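**Q** Sharing upload02.tsv (TSV, C-alpha atoms and all ligand atoms) below.
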```
chain	number	residue	atom	x	y	z
A	6	MET	CA	81.76	115.81	114.60
A	7	ASN	CA	82.50	117.96	111.55
A	8	LEU	CA	84.80	115.53	109.72
A	9	ARG	CA	86.86	117.74	107.44
A	10	ILE	CA	89.53	115.27	106.35
A	11	PRO	CA	89.85	114.37	102.67
A	12	GLY	CA	88.44	110.89	103.18
A	13	PRO	CA	86.81	108.99	104.69
A	14	THR	CA	84.12	111.63	104.30
A	15	PRO	CA	80.71	111.96	105.97
A	16	CYS	CA	77.83	110.00	104.43
A	17	PRO	CA	74.16	111.02	104.21
A	18	GLU	CA	71.86	109.20	106.66
A	19	GLU	CA	69.86	107.59	103.86
A	20	VAL	CA	73.09	106.21	102.35
A	21	LEU	CA	74.13	104.76	105.70
A	22	ALA	CA	70.65	103.26	106.12
A	23	ALA	CA	70.86	101.66	102.67
A	24	GLY	CA	74.20	100.14	103.69
A	25	ALA	CA	72.59	98.63	106.77
A	26	GLN	CA	70.14	96.46	104.82
A	27	GLN	CA	70.02	92.67	105.11
A	28	MET	CA	72.47	90.51	103.14
A	29	MET	CA	71.47	88.65	99.97
A	30	ASN	CA	73.07	85.98	97.81
A	31	HIS	CA	76.06	87.67	96.20
A	32	ARG	CA	75.67	85.27	93.25
A	33	GLY	CA	71.90	85.70	92.96
A	34	PRO	CA	69.72	87.85	90.69
A	35	GLU	CA	69.01	90.59	93.28
A	36	PHE	CA	72.66	91.41	93.76
A	37	ALA	CA	73.22	91.25	90.00
A	38	GLN	CA	70.70	94.09	89.70
A	39	VAL	CA	72.48	96.16	92.34
A	40	LEU	CA	75.84	95.58	90.67
A	41	ARG	CA	74.35	96.55	87.28
A	42	ARG	CA	72.87	99.81	88.61
A	43	VAL	CA	76.08	100.70	90.45
A	44	THR	CA	78.19	99.94	87.37
A	45	ASP	CA	75.88	102.14	85.26
A	46	GLY	CA	76.41	104.89	87.83
A	47	LEU	CA	80.17	104.47	87.66
A	48	ASN	CA	80.08	104.61	83.85
A	49	TRP	CA	78.06	107.83	84.10
A	50	MET	CA	80.55	109.46	86.47
A	51	PHE	CA	83.66	108.25	84.59
A	52	GLN	CA	81.91	109.38	81.38
A	53	THR	CA	82.49	106.13	79.54
A	54	SER	CA	80.32	103.62	77.72
A	55	SER	CA	82.48	100.63	78.73
A	56	ASP	CA	81.90	99.06	82.13
A	57	VAL	CA	84.01	100.37	85.01
A	58	LEU	CA	85.25	97.53	87.22
A	59	SER	CA	84.82	97.55	90.98
A	60	ALA	CA	86.78	95.60	93.58
A	61	THR	CA	86.58	95.15	97.31
A	62	THR	CA	89.66	97.03	98.47
A	63	SER	CA	90.70	100.61	99.24
A	64	GLY	CA	92.05	103.05	96.66
A	65	THR	CA	95.56	101.65	96.99
A	66	GLY	CA	94.28	98.23	95.92
A	67	GLY	CA	92.86	99.93	92.83
A	68	LEU	CA	96.28	101.42	92.07
A	69	GLU	CA	97.83	97.98	92.45
A	70	MET	CA	95.19	96.64	90.07
A	71	ALA	CA	96.16	99.30	87.49
A	72	VAL	CA	99.82	98.31	87.65
A	73	VAL	CA	99.65	94.50	87.72
A	74	ASN	CA	97.04	94.28	84.97
A	75	THR	CA	98.88	96.32	82.34
A	76	LEU	CA	102.60	95.76	82.93
A	77	SER	CA	105.26	93.05	83.07
A	78	PRO	CA	108.31	92.92	85.33
A	79	GLY	CA	111.08	94.92	83.68
A	80	ASP	CA	108.69	97.28	81.86
A	81	LYS	CA	109.68	100.90	82.29
A	82	VAL	CA	107.36	103.42	83.91
A	83	LEU	CA	107.60	107.19	84.02
A	84	ALA	CA	106.43	107.83	87.57
A	85	VAL	CA	105.16	111.39	87.99
A	86	SER	CA	105.04	112.38	91.64
A	87	ILE	CA	103.99	115.67	93.23
A	88	GLY	CA	103.34	114.29	96.72
A	89	SER	CA	102.82	111.24	98.87
A	90	PHE	CA	100.25	109.53	96.64
A	91	GLY	CA	102.45	109.95	93.56
A	92	GLU	CA	105.21	108.26	95.57
A	93	ARG	CA	102.85	105.46	96.52
A	94	PHE	CA	101.89	104.76	92.88
A	95	ARG	CA	105.60	104.68	91.99
A	96	SER	CA	106.35	102.32	94.92
A	97	ILE	CA	103.67	99.89	93.76
A	98	ALA	CA	105.14	99.76	90.23
A	99	GLN	CA	108.59	99.28	91.77
A	100	ALA	CA	107.40	96.52	94.12
A	101	TYR	CA	106.16	94.53	91.11
A	102	GLY	CA	109.43	94.88	89.25
A	103	ALA	CA	108.87	97.84	86.92
A	104	GLY	CA	111.90	99.95	86.01
A	105	ILE	CA	111.33	103.51	87.17
A	106	VAL	CA	112.06	106.82	85.49
A	107	SER	CA	111.19	109.33	88.18
A	108	TYR	CA	109.74	112.79	87.62
A	109	ALA	CA	109.35	114.08	91.17
A	110	LEU	CA	108.46	117.67	91.96
A	111	GLU	CA	108.63	119.78	95.07
A	112	TRP	CA	105.51	119.19	97.16
A	113	GLY	CA	103.04	121.97	96.33
A	114	GLU	CA	103.90	122.05	92.63
A	115	ALA	CA	101.96	120.60	89.71
A	116	ALA	CA	103.57	118.45	87.01
A	117	ASP	CA	104.55	120.21	83.77
A	118	PRO	CA	103.15	118.41	80.70
A	119	LYS	CA	106.08	119.61	78.57
A	120	GLU	CA	108.54	118.03	80.98
A	121	VAL	CA	106.57	114.78	80.79
A	122	GLY	CA	106.95	114.93	77.00
A	123	ARG	CA	110.65	115.67	77.26
A	124	LEU	CA	111.25	112.77	79.66
A	125	LEU	CA	109.32	110.44	77.38
A	126	ASP	CA	111.48	111.53	74.44
A	127	GLU	CA	114.59	110.98	76.53
A	128	ASN	CA	113.39	107.51	77.60
A	129	PRO	CA	111.76	106.00	74.50
A	130	ASP	CA	111.54	102.56	76.12
A	131	VAL	CA	109.03	103.77	78.74
A	132	LYS	CA	105.79	101.84	78.42
A	133	ALA	CA	103.47	103.67	80.82
A	134	VAL	CA	103.10	106.89	82.80
A	135	THR	CA	101.76	106.77	86.35
A	136	VAL	CA	100.32	110.05	87.59
A	137	THR	CA	98.04	111.39	90.31
A	138	HIS	CA	95.11	113.51	89.15
A	139	ASN	CA	94.44	115.15	92.49
A	140	GLU	CA	97.34	114.96	94.97
A	141	THR	CA	95.52	114.80	98.28
A	142	SER	CA	98.66	115.36	100.37
A	143	THR	CA	99.32	118.82	98.90
A	144	GLY	CA	95.93	119.89	97.55
A	145	VAL	CA	97.22	120.15	93.98
A	146	THR	CA	95.39	118.99	90.85
A	147	ASN	CA	97.61	117.98	87.94
A	148	PRO	CA	96.70	119.05	84.38
A	149	ILE	CA	95.83	115.49	83.41
A	150	GLU	CA	94.32	116.26	80.02
A	151	ALA	CA	97.55	117.94	78.84
A	152	ILE	CA	99.75	115.25	80.42
A	153	ALA	CA	97.66	112.57	78.73
A	154	LYS	CA	98.18	114.26	75.34
A	155	GLU	CA	101.96	113.97	75.78
A	156	ALA	CA	101.64	110.28	76.64
A	157	ARG	CA	99.16	109.56	73.87
A	158	SER	CA	101.14	111.25	71.13
A	159	ARG	CA	104.04	108.92	72.00
A	160	ASP	CA	101.84	105.84	72.30
A	161	LYS	CA	102.40	105.32	76.04
A	162	LEU	CA	99.79	104.03	78.45
A	163	ILE	CA	98.63	106.56	81.02
A	164	LEU	CA	97.60	105.19	84.42
A	165	VAL	CA	95.78	107.76	86.55
A	166	ASP	CA	95.14	107.87	90.28
A	167	ALA	CA	91.81	109.72	90.40
A	168	VAL	CA	91.00	108.45	93.89
A	169	SER	CA	90.25	111.90	95.35
A	170	SER	CA	89.01	113.60	92.17
A	171	MET	CA	86.59	111.31	90.34
A	172	SER	CA	83.00	112.10	91.48
A	173	SER	CA	83.94	115.67	92.50
A	174	ILE	CA	86.10	117.15	89.71
A	175	PRO	CA	85.53	116.45	85.99
A	176	CYS	CA	87.60	113.52	84.75
A	177	PRO	CA	86.04	112.34	81.48
A	178	VAL	CA	88.16	109.26	80.82
A	179	GLU	CA	87.20	108.80	77.18
A	180	ARG	CA	87.36	112.44	76.14
A	181	TRP	CA	90.81	112.73	77.77
A	182	ASP	CA	91.83	109.39	76.28
A	183	LEU	CA	93.11	107.91	79.56
A	184	ASP	CA	94.01	104.21	79.88
A	185	VAL	CA	93.50	103.15	83.48
A	186	VAL	CA	91.70	105.39	85.95
A	187	VAL	CA	91.24	104.49	89.62
A	188	SER	CA	89.00	105.86	92.35
A	189	GLY	CA	87.99	104.83	95.86
A	190	SER	CA	84.63	104.83	97.62
A	191	GLN	CA	85.48	106.83	100.75
A	192	LYS	CA	86.49	110.04	98.96
A	193	GLY	CA	83.88	111.94	96.94
A	194	TRP	CA	81.33	109.16	96.53
A	195	MET	CA	79.47	109.73	99.84
A	196	VAL	CA	79.90	106.10	100.93
A	197	PRO	CA	82.19	104.35	103.45
A	198	PRO	CA	85.60	102.87	102.56
A	199	GLY	CA	85.71	99.41	100.97
A	200	LEU	CA	85.44	99.66	97.20
A	201	ALA	CA	87.87	100.72	94.46
A	202	PHE	CA	86.75	101.54	90.91
A	203	VAL	CA	88.93	100.86	87.90
A	204	TYR	CA	88.33	101.99	84.32
A	205	MET	CA	90.38	100.35	81.55
A	206	SER	CA	90.54	101.55	77.94
A	207	GLU	CA	90.74	99.26	74.90
A	208	ARG	CA	94.50	99.88	74.87
A	209	ALA	CA	94.69	98.90	78.53
A	210	TRP	CA	92.84	95.67	77.79
A	211	ALA	CA	95.23	94.94	74.93
A	212	ALA	CA	98.14	95.51	77.35
A	213	ASN	CA	96.37	93.28	79.86
A	214	ALA	CA	96.52	90.34	77.46
A	215	GLU	CA	100.34	90.62	77.47
A	216	ALA	CA	100.91	91.74	81.07
A	217	LYS	CA	102.98	89.29	83.12
A	218	MET	CA	103.03	90.87	86.57
A	219	PRO	CA	101.76	88.37	89.17
A	220	ARG	CA	98.13	88.84	90.16
A	221	PHE	CA	95.32	86.77	91.54
A	222	TYR	CA	92.78	88.66	93.66
A	223	PHE	CA	93.17	91.81	91.53
A	224	ASP	CA	92.92	90.09	88.15
A	225	ALA	CA	91.02	92.55	85.93
A	226	ALA	CA	90.04	89.95	83.32
A	227	LYS	CA	88.47	87.75	86.02
A	228	THR	CA	86.67	90.81	87.38
A	229	ARG	CA	85.35	91.71	83.91
A	230	ASP	CA	84.19	88.14	83.22
A	231	SER	CA	82.38	87.96	86.54
A	232	LEU	CA	80.78	91.35	85.96
A	233	ALA	CA	79.31	90.02	82.71
A	234	LYS	CA	77.53	87.43	84.89
A	235	GLY	CA	76.38	90.07	87.38
A	236	GLN	CA	78.94	89.08	89.98
A	237	ASN	CA	82.30	89.85	91.49
A	238	PRO	CA	84.91	87.08	91.35
A	239	TRP	CA	85.12	87.14	95.16
A	240	THR	CA	82.66	87.96	97.93
A	241	PRO	CA	82.23	91.72	97.61
A	242	ALA	CA	81.67	94.34	100.33
A	243	MET	CA	77.94	94.18	99.59
A	244	SER	CA	76.96	96.81	102.13
A	245	ILE	CA	79.06	99.39	100.30
A	246	TYR	CA	77.34	98.48	97.03
A	247	PHE	CA	73.95	98.97	98.70
A	248	ALA	CA	75.09	102.34	100.00
A	249	LEU	CA	76.52	103.38	96.63
A	250	ASP	CA	73.32	102.36	94.87
A	251	LYS	CA	71.52	104.93	97.05
A	252	ALA	CA	74.31	107.51	96.71
A	253	PHE	CA	73.96	107.38	92.92
A	254	GLU	CA	70.28	108.33	93.29
A	255	LEU	CA	71.42	111.47	95.09
A	256	MET	CA	74.27	112.14	92.64
A	257	ARG	CA	72.04	111.74	89.61
A	258	ALA	CA	69.47	114.09	91.13
A	259	GLU	CA	72.18	116.75	91.49
A	260	GLY	CA	73.68	116.00	88.07
A	261	LEU	CA	77.32	116.03	86.97
A	262	GLU	CA	77.35	119.78	86.37
A	263	GLY	CA	75.70	120.43	89.72
A	264	ILE	CA	78.23	118.28	91.56
A	265	PHE	CA	81.25	119.83	89.84
A	266	THR	CA	79.95	123.39	90.29
A	267	ARG	CA	79.27	122.84	93.99
A	268	HIS	CA	82.81	121.54	94.54
A	269	GLN	CA	84.26	124.47	92.59
A	270	ALA	CA	82.25	127.02	94.59
A	271	ILE	CA	83.12	125.54	98.00
A	272	ALA	CA	86.80	125.30	97.04
A	273	ASP	CA	86.80	128.95	95.87
A	274	TYR	CA	85.25	129.96	99.18
A	275	THR	CA	87.79	127.89	101.15
A	276	ARG	CA	90.79	129.40	99.39
A	277	SER	CA	89.61	132.98	99.67
A	278	ARG	CA	88.74	132.54	103.34
A	279	VAL	CA	92.12	130.95	104.09
A	280	LYS	CA	93.90	133.85	102.38
A	281	SER	CA	91.77	136.38	104.22
A	282	LEU	CA	93.07	134.83	107.46
A	283	GLY	CA	96.58	135.71	106.24
A	284	LEU	CA	97.46	132.05	105.68
A	285	LYS	CA	99.39	130.63	102.73
A	286	LEU	CA	98.17	127.83	100.48
A	287	VAL	CA	100.47	124.85	99.90
A	288	PRO	CA	99.85	124.87	96.11
A	289	VAL	CA	102.54	127.11	94.64
A	290	ASP	CA	100.39	128.15	91.68
A	291	GLU	CA	96.79	128.66	92.67
A	292	GLN	CA	95.48	127.70	89.21
A	293	PHE	CA	96.35	124.10	90.17
A	294	ALA	CA	94.75	124.27	93.63
A	295	SER	CA	92.40	121.36	94.25
A	296	ASN	CA	88.63	121.60	94.37
A	297	THR	CA	88.39	118.66	96.81
A	298	VAL	CA	91.01	119.45	99.46
A	299	THR	CA	92.75	122.65	100.53
A	300	ALA	CA	96.21	122.38	102.08
A	301	VAL	CA	97.42	125.32	104.16
A	302	TRP	CA	100.73	126.15	105.84
A	303	TRP	CA	100.57	126.78	109.57
A	304	PRO	CA	102.23	130.16	110.19
A	305	GLU	CA	105.81	130.21	111.49
A	306	GLY	CA	105.95	129.77	115.25
A	307	VAL	CA	102.42	128.42	115.60
A	308	ASP	CA	101.94	124.96	117.11
A	309	GLY	CA	99.59	123.54	114.49
A	310	SER	CA	99.10	120.19	116.13
A	311	ALA	CA	97.96	121.91	119.34
A	312	ILE	CA	95.40	123.91	117.35
A	313	SER	CA	94.15	120.78	115.57
A	314	LYS	CA	93.81	119.03	118.91
A	315	ARG	CA	91.78	121.88	120.41
A	316	ALA	CA	89.63	122.09	117.27
A	317	ARG	CA	88.74	118.42	117.66
A	318	GLU	CA	88.36	118.26	121.43
A	319	GLU	CA	86.60	121.57	122.06
A	320	PHE	CA	84.70	122.18	118.82
A	321	GLY	CA	84.27	118.79	117.16
A	322	ILE	CA	86.16	119.92	114.04
A	323	VAL	CA	88.44	117.24	112.60
A	324	LEU	CA	91.08	118.74	110.31
A	325	GLY	CA	93.44	116.75	108.12
A	326	GLY	CA	97.12	116.86	109.07
A	327	GLY	CA	100.22	116.86	106.90
A	328	GLN	CA	101.54	113.60	105.47
A	329	GLY	CA	105.15	112.51	105.28
A	330	LYS	CA	107.49	115.49	105.28
A	331	LEU	CA	104.61	117.94	105.72
A	332	GLN	CA	103.58	116.47	109.07
A	333	GLY	CA	103.02	119.22	111.64
A	334	LYS	CA	103.64	121.93	109.03
A	335	ILE	CA	100.29	122.08	107.28
A	336	PHE	CA	96.63	121.37	107.80
A	337	ARG	CA	94.18	120.17	105.21
A	338	VAL	CA	90.48	120.81	104.85
A	339	GLY	CA	88.55	118.20	102.92
A	340	HIS	CA	85.62	119.55	100.90
A	341	LEU	CA	84.53	116.62	98.78
A	342	GLY	CA	81.48	114.42	98.56
A	343	TRP	CA	78.58	115.25	100.84
A	344	VAL	CA	79.64	118.76	101.80
A	345	GLN	CA	78.14	122.23	101.95
A	346	GLN	CA	79.90	125.55	102.37
A	347	ARG	CA	78.66	126.10	105.93
A	348	GLU	CA	80.64	123.07	107.15
A	349	VAL	CA	83.87	124.58	105.83
A	350	GLU	CA	82.85	127.97	107.21
A	351	GLU	CA	82.36	126.46	110.65
A	352	ALA	CA	85.76	124.74	110.51
A	353	LEU	CA	87.59	127.89	109.41
A	354	ASP	CA	85.79	130.02	112.02
A	355	VAL	CA	87.32	127.74	114.62
A	356	VAL	CA	90.78	127.86	112.99
A	357	GLU	CA	90.55	131.68	113.01
A	358	LYS	CA	89.56	131.79	116.66
A	359	LEU	CA	92.25	129.36	117.82
A	360	LEU	CA	94.96	131.00	115.72
A	361	GLY	CA	94.03	134.35	117.29
A	362	GLU	CA	94.23	132.87	120.77
A	363	SER	CA	97.58	131.20	120.08
A	364	ARG	CA	99.00	134.56	118.91
A	365	THR	CA	97.90	136.47	121.98
A	366	ALA	CA	98.94	133.68	124.35
A	401	LIG	C1	93.03	108.27	99.49
A	401	LIG	C2	93.88	108.20	98.29
A	401	LIG	C3	94.43	107.00	97.82
A	401	LIG	C4	94.12	105.65	98.37
A	401	LIG	O1	94.20	105.50	99.70
A	401	LIG	P1	93.48	104.26	100.43
A	401	LIG	O2	93.73	104.57	101.85
A	401	LIG	O3	94.13	103.03	99.97
A	401	LIG	O4	92.04	104.31	100.02
A	401	LIG	C5	95.20	107.03	96.69
A	401	LIG	N1	95.45	108.16	96.04
A	401	LIG	C6	94.94	109.34	96.43
A	401	LIG	C7	95.22	110.56	95.63
A	401	LIG	C8	94.15	109.40	97.57
A	401	LIG	O5	93.63	110.56	97.97
```
Using C-alpha cells, write down the structure from this file.

**A**
Amino acid sequence: MNLRIPGPTPCPEEVLAAGAQQMMNHRGPEFAQVLRRVTDGLNWMFQTSSDVLSATTSGTGGLEMAVVNTLSPGDKVLAVSIGSFGERFRSIAQAYGAGIVSYALEWGEAADPKEVGRLLDENPDVKAVTVTHNETSTGVTNPIEAIAKEARSRDKLILVDAVSSMSSIPCPVERWDLDVVVSGSQKGWMVPPGLAFVYMSERAWAANAEAKMPRFYFDAAKTRDSLAKGQNPWTPAMSIYFALDKAFELMRAEGLEGIFTRHQAIADYTRSRVKSLGLKLVPVDEQFASNTVTAVWWPEGVDGSAISKRAREEFGIVLGGGQGKLQGKIFRVGHLGWVQQREVEEALDVVEKLLGESRTA
C-alpha cells in the first residue's frame, strides 16, 4: 500500500523493528535512558533547551493537556480556527469551561495576524489564544510567528497545535516565543500513533501553577516531575518510545535543514503537479499552502469517492478524504515523515489516469 494520508504515516522497517523489541521495567534504568534520549531528540526538533514532555495519548490528548494545564474555568480564549482541527481545539477549551471568542475563517484560508491583534484589543480579558499551525483538514499553514507576535505584545498565552507540522516544517518554539506547543507521533515523526509531545514555556509553567481546570492523567506538573526521575507518571506506550529512539537516529542523520528542505521540495512538486492536472488547491492563497499535506478540490461533476475507491482497490494508493463539510469534495495527499517524491508521483499518476477515465466514461 502507498499510504498517502496525513497520518498515520508509513514507518521505516528499522523503526518498526525497534518498536517490536522486548519490554523492560518502565521504572528501571534502561527505560530512563530511552526516555532521556527521546526527550533530547524532542528538544532538538522543538528547538528548545527545556525538556519537552511526552504522554501516552494521541495528538488530541496533547491539545487537552495544553488547555487544562494553563487555564481555569471561566478564562477567556481567542480560538482561531481555519478548519476542523481549529474547531477541535476550540471545543476542548469549551468543554473545560473556557469562555470563547471565536475567530473562524472560511476553510482554505489562513488566519490574519492583524485580525488576531484587533480581536485581542477588542477583548482585553482574553487570557490565551488557541491556534493550529498546520491545518491538516485544508492543507493550510498559519503564519504562527506573526500571530505569536500579536499575542506576545499583549501578554497573552499562545497555545499551538503543531501536531502535523513539528518534525516536518520549522517551528522553533523559543525563537517564536510560543507558550504551549503540541505534536503527535503518527504524523511526521515516522513512528506509529500513541504518543503526544507537549512543550511548555516558562510563562506556561507560571500559568500552570494557577490553572484550575480539572486534570489527573494529563497533569503536566506530574509529568515533569516524573521525567526528572526518568519516568512517566503512568505506564507509557514503551514500544513507541523504542521506535522513536530509532527514528531520531534517522532524523539526526538527515539533520533539521535536510528534513525541512525535503518536505518543502516534495510539497512544491505536489502542488505544481496538481495544478498541471488542471486541479485547484484548497488553500486560497498558495503562499500558505502546507508542506506536509496538499488538499485538492475534485472537479465539478467528478465522483471523487469512486476515484479514491478505485485508487485503493486497484492500485494500492490510499488518499486522504475531506473532513467535515469538505467530505466528498476534496482529496488530500499526505507528504510528511518518511516520504520521497516518487511516492507522491505514483499517487498522482493514478489520480491522473482515473480522472481521465472518469471524464471519458
Ligand atoms: C492529527 C491531528 C491532530 C490530532 O489527532 P489525533 O487523532 O488525536 O492524533 C490534531 N491536530 C492536527 C492539526 C492534526 O493533524

**Q** Record the distance separating CA of Ala167 in chain A and CA of Pro78 in chain A, expressed in Å with one decimal.

**A** 24.1 Å

**Q** At a cut-off of 12 Å around the point (97.2, 99.7, 98.5) (file coordinates), what residues fall inside when counting all atoms listed in the file? I'd like the answer as a PyMOL selection string.

**A** chain A and resi 61-72+90+93-98+100+166+168+187-189+199-201+223

**Q** Take the residues from that selection and write them out as a PDB file, keeping the file's coordinate frame, keeping C-alpha atoms.

**A**
```pdb
ATOM      1  CA  THR A  61      86.580  95.150  97.310  1.00  0.00           C
ATOM      2  CA  THR A  62      89.660  97.030  98.470  1.00  0.00           C
ATOM      3  CA  SER A  63      90.700 100.610  99.240  1.00  0.00           C
ATOM      4  CA  GLY A  64      92.050 103.050  96.660  1.00  0.00           C
ATOM      5  CA  THR A  65      95.560 101.650  96.990  1.00  0.00           C
ATOM      6  CA  GLY A  66      94.280  98.230  95.920  1.00  0.00           C
ATOM      7  CA  GLY A  67      92.860  99.930  92.830  1.00  0.00           C
ATOM      8  CA  LEU A  68      96.280 101.420  92.070  1.00  0.00           C
ATOM      9  CA  GLU A  69      97.830  97.980  92.450  1.00  0.00           C
ATOM     10  CA  MET A  70      95.190  96.640  90.070  1.00  0.00           C
ATOM     11  CA  ALA A  71      96.160  99.300  87.490  1.00  0.00           C
ATOM     12  CA  VAL A  72      99.820  98.310  87.650  1.00  0.00           C
ATOM     13  CA  PHE A  90     100.250 109.530  96.640  1.00  0.00           C
ATOM     14  CA  ARG A  93     102.850 105.460  96.520  1.00  0.00           C
ATOM     15  CA  PHE A  94     101.890 104.760  92.880  1.00  0.00           C
ATOM     16  CA  ARG A  95     105.600 104.680  91.990  1.00  0.00           C
ATOM     17  CA  SER A  96     106.350 102.320  94.920  1.00  0.00           C
ATOM     18  CA  ILE A  97     103.670  99.890  93.760  1.00  0.00           C
ATOM     19  CA  ALA A  98     105.140  99.760  90.230  1.00  0.00           C
ATOM     20  CA  ALA A 100     107.400  96.520  94.120  1.00  0.00           C
ATOM     21  CA  ASP A 166      95.140 107.870  90.280  1.00  0.00           C
ATOM     22  CA  VAL A 168      91.000 108.450  93.890  1.00  0.00           C
ATOM     23  CA  VAL A 187      91.240 104.490  89.620  1.00  0.00           C
ATOM     24  CA  SER A 188      89.000 105.860  92.350  1.00  0.00           C
ATOM     25  CA  GLY A 189      87.990 104.830  95.860  1.00  0.00           C
ATOM     26  CA  GLY A 199      85.710  99.410 100.970  1.00  0.00           C
ATOM     27  CA  LEU A 200      85.440  99.660  97.200  1.00  0.00           C
ATOM     28  CA  ALA A 201      87.870 100.720  94.460  1.00  0.00           C
ATOM     29  CA  PHE A 223      93.170  91.810  91.530  1.00  0.00           C
TER      30      PHE A 223
END
```

**Q** Excluding Glu92 in chain A and any residue of its chain fewer than 4 positions from it, enumerate the residues within 10 Å of it, using all atoms listed in the file, and give them as a ChimeraX atom specification.

**A** /A:84-88,96-97,107,109,135-137

**Q** Check the smallest atom-to-atom distance from each of A:Asp56, A:Glu140, A:Asp182, A:Glu262 to ligand LIG 401 (chain A) using all atoms listed in the file, then report the winner.

**A**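 The answer is A:Glu140, which sits nearest to ligand LIG 401 (chain A).
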
**Q** Of the candidates A:Phe36, A:Phe293, A:Phe202, A:Trp303, which shows the shortest atom-to-atom distance to ligand LIG 401 (chain A), using only C-alpha atoms and all ligand atoms?

**A** A:Phe202

**Q** Just the number, please: distance in Å from CA of Lys314 in chain A to CA of Val349 in chain A, one decimal.

**A**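 It comes out at 17.3 Å.
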
**Q** CA of Phe247 in chain A and CA of Thr44 in chain A, how far apart in Å?

**A** 12.1 Å

**Q** What's around Leu249 in chain A at 9 Å? Count all atoms listed in the file, leave out sequence neighbours fewer than 6 positions away in its own chain, and write the answer as JSON, numbers by chain.

**A** {"A": [20, 23, 24, 43, 46, 190, 194, 195, 196, 197]}

**Q** Which residue gives the smallest distance to Ile271 in chain A among A:Met171, A:Val344, A:Val203, A:Leu125, with only C-alpha atoms counted?

**A**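 Looking at the shortest contact to Ile271 in chain A, the residue is A:Val344.
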
**Q** When you count only C-alpha atoms and all ligand atoms, which of these residues is closest to ligand LIG 401 (chain A): A:Asn147, A:Asp117, A:Glu357, A:Ala252?

**A**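 Residue with the minimum atom-to-atom distance to ligand LIG 401 (chain A): A:Asn147.
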
**Q** Got a sec: who's within 10 Å of range 213-217 of chain A, counting all atoms listed in the file, leaving out chain neighbours fewer than 4 positions off, as a list in words?

**A**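 Near range 213-217 of chain A, the qualifying residues are Ala71, Val72, Val73, Asn74, Thr75, Leu76, Ser77, Pro78, Gly79, Asp80, Met205, Glu207, Arg208, Ala209, Asp224, Ala225 and Ala226 of chain A.
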
**Q** Please provide as a list in words all residues within 8 Å of Trp302 in chain A, with the sequence filter that same-chain residues fewer than 4 positions apart are discarded (counting only C-alpha atoms).

**A**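 The residues that qualify are Leu284, Lys285, Leu286, Val287, Lys334, Ile335 and Phe336 of chain A.
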
**Q** May I ask which of the residues A:Val289, A:Ile312, A:Pro34, A:Asp45 is the closest one to Glu254 in chain A, counting all atoms listed in the file?

**A**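 Under the stated criterion, the closest residue is A:Asp45.
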